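S.K.: Sharing a structure, written as structure tokens. Questions coming.
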Amino acid sequence: MHDIKLVAICEPKAGISQIESIKLRLSFDTVKANASGDIWVFHGSSFVCSVIGRSSQHLSLQVQHPWLPEPLVVSFAHASYSTEDRQTLWQALLNDKSTSLPWCVCEDFNVIMEPQEKREGRFFCNNEGRELLSFLKEAAIFDAGFTGSNFTQCNNRQERARIWNRLDRLLINSECSTLTSFVVVTHLFLLEVIRDVWKQDVAGSLLQILCSKLLATRRVIRESNKNFFGNVFGAVRTAEKEVLRAEIGVENDESEEAQIGLNKAQAELRHALLLEEQFWSQKARVKWLWHGDGNSKYFHATVQQRRMQGVIHRVRDLNGDWVEDDEEIANTAISYFSNLFSGSDNADLGMLHLILSLIKREDNKALEEYPSIEEVKWEVFGMDRDSAAGTDEFASKFFTFMWDILAQDVYNVILSFFCGAESLHFLTSTSIVLIPKGDPLSLALFVIGVEVLSRGLNSLVAKPGFRRYTILGGCEQVTHLAFTDAVIIFANGSSAALKQIMRMLDRYQRASGQLINAQKCGYLMHPSTSPARRRMVERLTGFSRQHFPVKSLEFPLYFGRSKSMLTGKCVKPYWEE
């Protein structure tokens, strides 16, 4: 899935004698190693790498590539467990430090800087962090940050004996600011755990295989969240108590140790509050965190608001009566959709001739082809990463982040769908969603439907005996005007012409399934039209009379000469400009 041109391996679990054969199997051109043979760096011919320093704990290279604006110094380190040996490493790295070029230091340092980088095991000691912090200060480098899991290493023991740490990190100097678009750090620990789950053999159809793997992945993620974060809300309460205890301790003891304890408690409280805020941010699906209030109460209120907006209080049944009981609402919805999707197809196909054949055979063949895996990836990555998770609890961000692992299984399911495979309830279960008029799907269907109606009304003009709407000589004949949510039809007042128009509207309703609400429709006629003619129009159409002036798209329709009282509001903005 990736065309990797440079990769570094720490602790390869293979002898240095195998390095050349592994290089060939991985299709790299060059490989370099440190003095102890436990750091390997493979790269392709597009990279020019020269060794500027090596020891038993590190390997430093000067890297050049056409995409890089200038040479880059990269140091790969695998620090010793011994504090004394690590001092040797810090000095060796300082010797390789460039005075002007961008410098990156990465890999396993075997030391943490703060208590949040460790879970379980013995308590964090401030001296542990000072060692690495001193090196950062002297080398003038800083942590580049990361995405993904908070930890990069686990001892894989059971229950309370299991310890999590963040031992791997990327450090950069200020000169790396020109490379910010190239530098992305992702912790792949969770990725590897999910990869192991995904490798398990699962029996069943392609859909069943994908569903089973997603369920297993969900269990793993839940367990990881439990191990990493624990009880988010309980952690906040505990941290608040610790801060209160530390504040009381500082009041009674002004020693440096008491102040350090307070600082530590405050840092843990900030971290706990940040986790709680992130929880509610994801729960509320607020995509503009920096525009809102930076507290969990805001997100909690947003969640409650979304829940209230999603409640259905009452609906109309098939008889037009209001139903308010929850059970009756559910039964009404089931009855409606059961009739909608299981009823016989009585659509009138007599208007199909109005739809011209515009698709060529080659175009139709292309539309019938199965999508490629790149097309599926494009669609997946085009989804809103911050959208709400489905009933399977996976948001689209999960599929983009795990795409390298999930890609083939997801693609196989897509192909099986196009081959007519039966969908499982695990994938098709969802909530009832009211589709607004602005939804792309409903908009496309509306445009297609109105196009058929428009052509149907225009076809009446060519029929013999049809009496057109009278207009000035030399003007193009206009049968109707179609807008987003309204249609204005220009018709002759004769009964014959109205009957033909109403027959066309009736055929359109039967062909499209869209129904005309006569109560929202009306007709406009000259004020001097006889009552007998008006009654005839109302009898044939079922529409009620409206009187001039009326508004259409906020613009007045009136009879007679132009009046400023009618058009003033429309033209006033242009006068002001």
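Following the order of the structure tokens, first chain is A, next is B, and so on, with residues numbered from 1 inside each chain and ligands from 1 in the order they appear.
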Just asking: which residues within segment 462-543 of chain A are helix (DSSP H, G or I) according to DSSP, as a PyMOL selection string?
M.R.: chain A and resi 495-512+518-520+531-541
S.K.: Determine, using only C-alpha atoms, which residues of segment 456-479 of chain A have any atom at most 7 Å from an atom of segment 486-491 of chain A, and tabulate each with its shortest atom pair and distance in Å to one decimal place, rows ordered by chain and then rising number, as JSON lines.
M.R.:
```
{"residue": "A:Arg468", "atom": "CA", "partner": "A:Ala491", "partner_atom": "CA", "distance": 6.5}
{"residue": "A:Tyr469", "atom": "CA", "partner": "A:Ala491", "partner_atom": "CA", "distance": 4.9}
{"residue": "A:Thr479", "atom": "CA", "partner": "A:Phe490", "partner_atom": "CA", "distance": 5.2}
```
S.K.: Limited to N, CA, C and O atoms, could you put the picked residues into a file as a short mmCIF file (atom, residue, chain, number, x, y, z; two decimals), in the first residue's frame?
M.R.:
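Written output follows (selection-v5.cif):
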```
data_model
loop_
_atom_site.label_atom_id
_atom_site.label_comp_id
_atom_site.auth_asym_id
_atom_site.auth_seq_id
_atom_site.Cartn_x
_atom_site.Cartn_y
_atom_site.Cartn_z
N ARG A 468 -52.81 27.62 -26.29
CA ARG A 468 -51.69 28.14 -25.52
C ARG A 468 -52.09 29.37 -24.72
O ARG A 468 -53.11 30.01 -24.97
N TYR A 469 -51.19 29.69 -23.78
CA TYR A 469 -51.31 30.93 -23.03
C TYR A 469 -50.95 32.08 -23.97
O TYR A 469 -49.91 32.07 -24.64
N THR A 479 -44.44 28.06 -21.12
CA THR A 479 -45.50 27.23 -20.53
C THR A 479 -45.45 27.22 -19.01
O THR A 479 -46.47 27.02 -18.36
#
```
S.K.: Quick one: pull the distance between atom CA of Ala511 of chain A and atom CA of Met351 of chain A, Å, one decimal.
M.R.: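 Result for atom CA of Ala511 of chain A versus atom CA of Met351 of chain A: 7.2 Å, one decimal.
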S.K.: Fewer than 5 positions away in the same chain doesn't count, so skip those; otherwise give me all residues within 9 Å of Ile373 of chain A, counting only C-alpha atoms, as a list in words.
M.R.: Trp378, Ala407, Gln408 and Tyr411 of chain A
S.K.: Can I get the selection written as a tab-separated table (two decimals), in the first residue's frame, with N, CA and C atoms?
M.R.:
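Output file again_24.tsv follows:
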```
chain	number	residue	atom	x	y	z
A	378	TRP	N	-10.80	6.48	-2.06
A	378	TRP	CA	-11.12	7.90	-2.26
A	378	TRP	C	-12.43	8.25	-1.59
A	407	ALA	N	-8.14	-2.32	4.41
A	407	ALA	CA	-8.44	-2.03	3.01
A	407	ALA	C	-8.97	-3.23	2.23
A	408	GLN	N	-8.25	-4.36	2.26
A	408	GLN	CA	-8.63	-5.49	1.43
A	408	GLN	C	-9.97	-6.08	1.85
A	411	TYR	N	-12.71	-3.69	0.77
A	411	TYR	CA	-12.88	-3.75	-0.68
A	411	TYR	C	-13.60	-5.03	-1.10
```
S.K.: Using only C-alpha atoms, determine which residues lie at most 12 Å from Ala267 of chain A, disregarding the query and same-chain residues fewer than 5 positions distant; provide the list as a VMD selection string.
M.R.: chain A and resid 114 to 116 236 239 to 240 242 to 243 246 260 to 262 272 to 274
S.K.: Put those residues in a file: all heavy atoms, as a compact mmCIF listing (two decimals), in the first residue's frame.
M.R.:
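Generated output (again-v3.txt):
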```txt
# COMPACT_ATOMS: atom_id res chain seq x y z
N GLU A 114 7.70 12.55 32.19
CA GLU A 114 6.65 12.97 33.09
C GLU A 114 5.76 11.79 33.44
O GLU A 114 5.77 10.77 32.73
CB GLU A 114 5.82 14.10 32.48
CG GLU A 114 5.30 13.80 31.10
CD GLU A 114 4.65 15.00 30.45
OE1 GLU A 114 4.65 16.09 31.05
OE2 GLU A 114 4.11 14.83 29.35
N PRO A 115 4.97 11.87 34.52
CA PRO A 115 4.18 10.72 34.98
C PRO A 115 3.13 10.27 33.98
O PRO A 115 2.76 9.09 33.97
CB PRO A 115 3.54 11.23 36.28
CG PRO A 115 3.64 12.72 36.23
CD PRO A 115 4.87 13.02 35.44
N GLN A 116 2.64 11.17 33.10
CA GLN A 116 1.62 10.78 32.14
C GLN A 116 2.15 9.82 31.08
O GLN A 116 1.37 9.21 30.33
CB GLN A 116 1.04 12.02 31.43
CG GLN A 116 0.17 12.89 32.31
CD GLN A 116 0.97 13.78 33.22
OE1 GLN A 116 2.19 13.93 33.04
NE2 GLN A 116 0.33 14.38 34.22
N VAL A 236 -10.80 12.61 37.22
CA VAL A 236 -10.91 14.05 37.50
C VAL A 236 -11.18 14.27 38.98
O VAL A 236 -10.56 15.12 39.63
CB VAL A 236 -12.03 14.69 36.65
CG1 VAL A 236 -12.29 16.12 37.09
CG2 VAL A 236 -11.65 14.65 35.17
N ALA A 239 -8.02 13.51 40.93
CA ALA A 239 -7.00 14.55 40.74
C ALA A 239 -7.36 15.82 41.50
O ALA A 239 -6.48 16.50 42.05
CB ALA A 239 -6.85 14.86 39.25
N GLU A 240 -8.66 16.18 41.55
CA GLU A 240 -9.07 17.36 42.31
C GLU A 240 -8.78 17.19 43.80
O GLU A 240 -8.35 18.13 44.48
CB GLU A 240 -10.56 17.61 42.07
CG GLU A 240 -10.88 18.12 40.67
CD GLU A 240 -12.37 18.23 40.43
OE1 GLU A 240 -13.15 17.60 41.21
OE2 GLU A 240 -12.79 18.92 39.47
N GLU A 242 -6.42 15.31 45.04
CA GLU A 242 -4.97 15.36 45.21
C GLU A 242 -4.46 16.79 45.20
O GLU A 242 -3.54 17.15 45.96
CB GLU A 242 -4.29 14.54 44.11
CG GLU A 242 -4.45 13.04 44.25
CD GLU A 242 -3.81 12.53 45.54
OE1 GLU A 242 -2.71 13.02 45.90
OE2 GLU A 242 -4.41 11.67 46.20
N VAL A 243 -5.03 17.64 44.34
CA VAL A 243 -4.62 19.05 44.30
C VAL A 243 -4.98 19.73 45.62
O VAL A 243 -4.18 20.50 46.18
CB VAL A 243 -5.30 19.77 43.12
CG1 VAL A 243 -5.11 21.29 43.23
CG2 VAL A 243 -4.72 19.27 41.80
N ALA A 246 -2.56 18.61 48.19
CA ALA A 246 -1.24 19.21 47.98
C ALA A 246 -1.23 20.68 48.37
O ALA A 246 -0.23 21.20 48.89
CB ALA A 246 -0.82 19.04 46.53
N ILE A 260 6.87 20.87 44.65
CA ILE A 260 6.96 19.93 43.52
C ILE A 260 5.74 19.01 43.52
O ILE A 260 5.15 18.71 42.47
CB ILE A 260 8.26 19.11 43.59
CG1 ILE A 260 9.46 20.03 43.34
CG2 ILE A 260 8.24 17.97 42.58
CD1 ILE A 260 10.80 19.34 43.48
N GLY A 261 5.32 18.57 44.71
CA GLY A 261 4.13 17.72 44.81
C GLY A 261 2.88 18.43 44.34
O GLY A 261 2.03 17.83 43.67
N LEU A 262 2.76 19.73 44.65
CA LEU A 262 1.62 20.51 44.19
C LEU A 262 1.64 20.66 42.67
O LEU A 262 0.61 20.52 42.00
CB LEU A 262 1.61 21.89 44.86
CG LEU A 262 0.53 22.87 44.38
CD1 LEU A 262 -0.86 22.29 44.63
CD2 LEU A 262 0.68 24.22 45.07
N ALA A 272 -6.19 15.18 33.40
CA ALA A 272 -7.49 14.52 33.57
C ALA A 272 -8.62 15.37 32.97
O ALA A 272 -9.54 14.84 32.33
CB ALA A 272 -7.75 14.26 35.05
N LEU A 273 -8.57 16.69 33.17
CA LEU A 273 -9.58 17.57 32.60
C LEU A 273 -9.52 17.57 31.08
O LEU A 273 -10.56 17.64 30.40
CB LEU A 273 -9.40 18.99 33.14
CG LEU A 273 -9.74 19.19 34.62
CD1 LEU A 273 -9.34 20.59 35.07
CD2 LEU A 273 -11.23 18.97 34.86
N LEU A 274 -8.31 17.49 30.53
CA LEU A 274 -8.16 17.45 29.07
C LEU A 274 -8.80 16.18 28.51
O LEU A 274 -9.50 16.22 27.48
CB LEU A 274 -6.69 17.51 28.70
CG LEU A 274 -6.37 17.42 27.20
CD1 LEU A 274 -7.01 18.58 26.45
CD2 LEU A 274 -4.86 17.41 26.96
```
S.K.: With a distance cut-off of 9 Å and only C-alpha atoms, select the neighbouring residues of Phe142 of chain A, excluding the residue or stretch itself and same-chain residues fewer than 5 positions from it, and output the selection as number ranges by chain.
M.R.: A: 136-137, 170-174
S.K.: One number please: atom CA of Asp321 of chain A to atom CA of Gly522 of chain A, in Å, one decimal.
M.R.: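 Rounded to one decimal, the two atoms are 25.7 Å apart.
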S.K.: Give me the residues near His547 of chain A as a PyMOL selection string, where near means some atom within 10 Å (using only C-alpha atoms) and where sequence neighbours in that chain fewer than 4 positions away do not count.
M.R.: chain A and resi 522-527+557-559
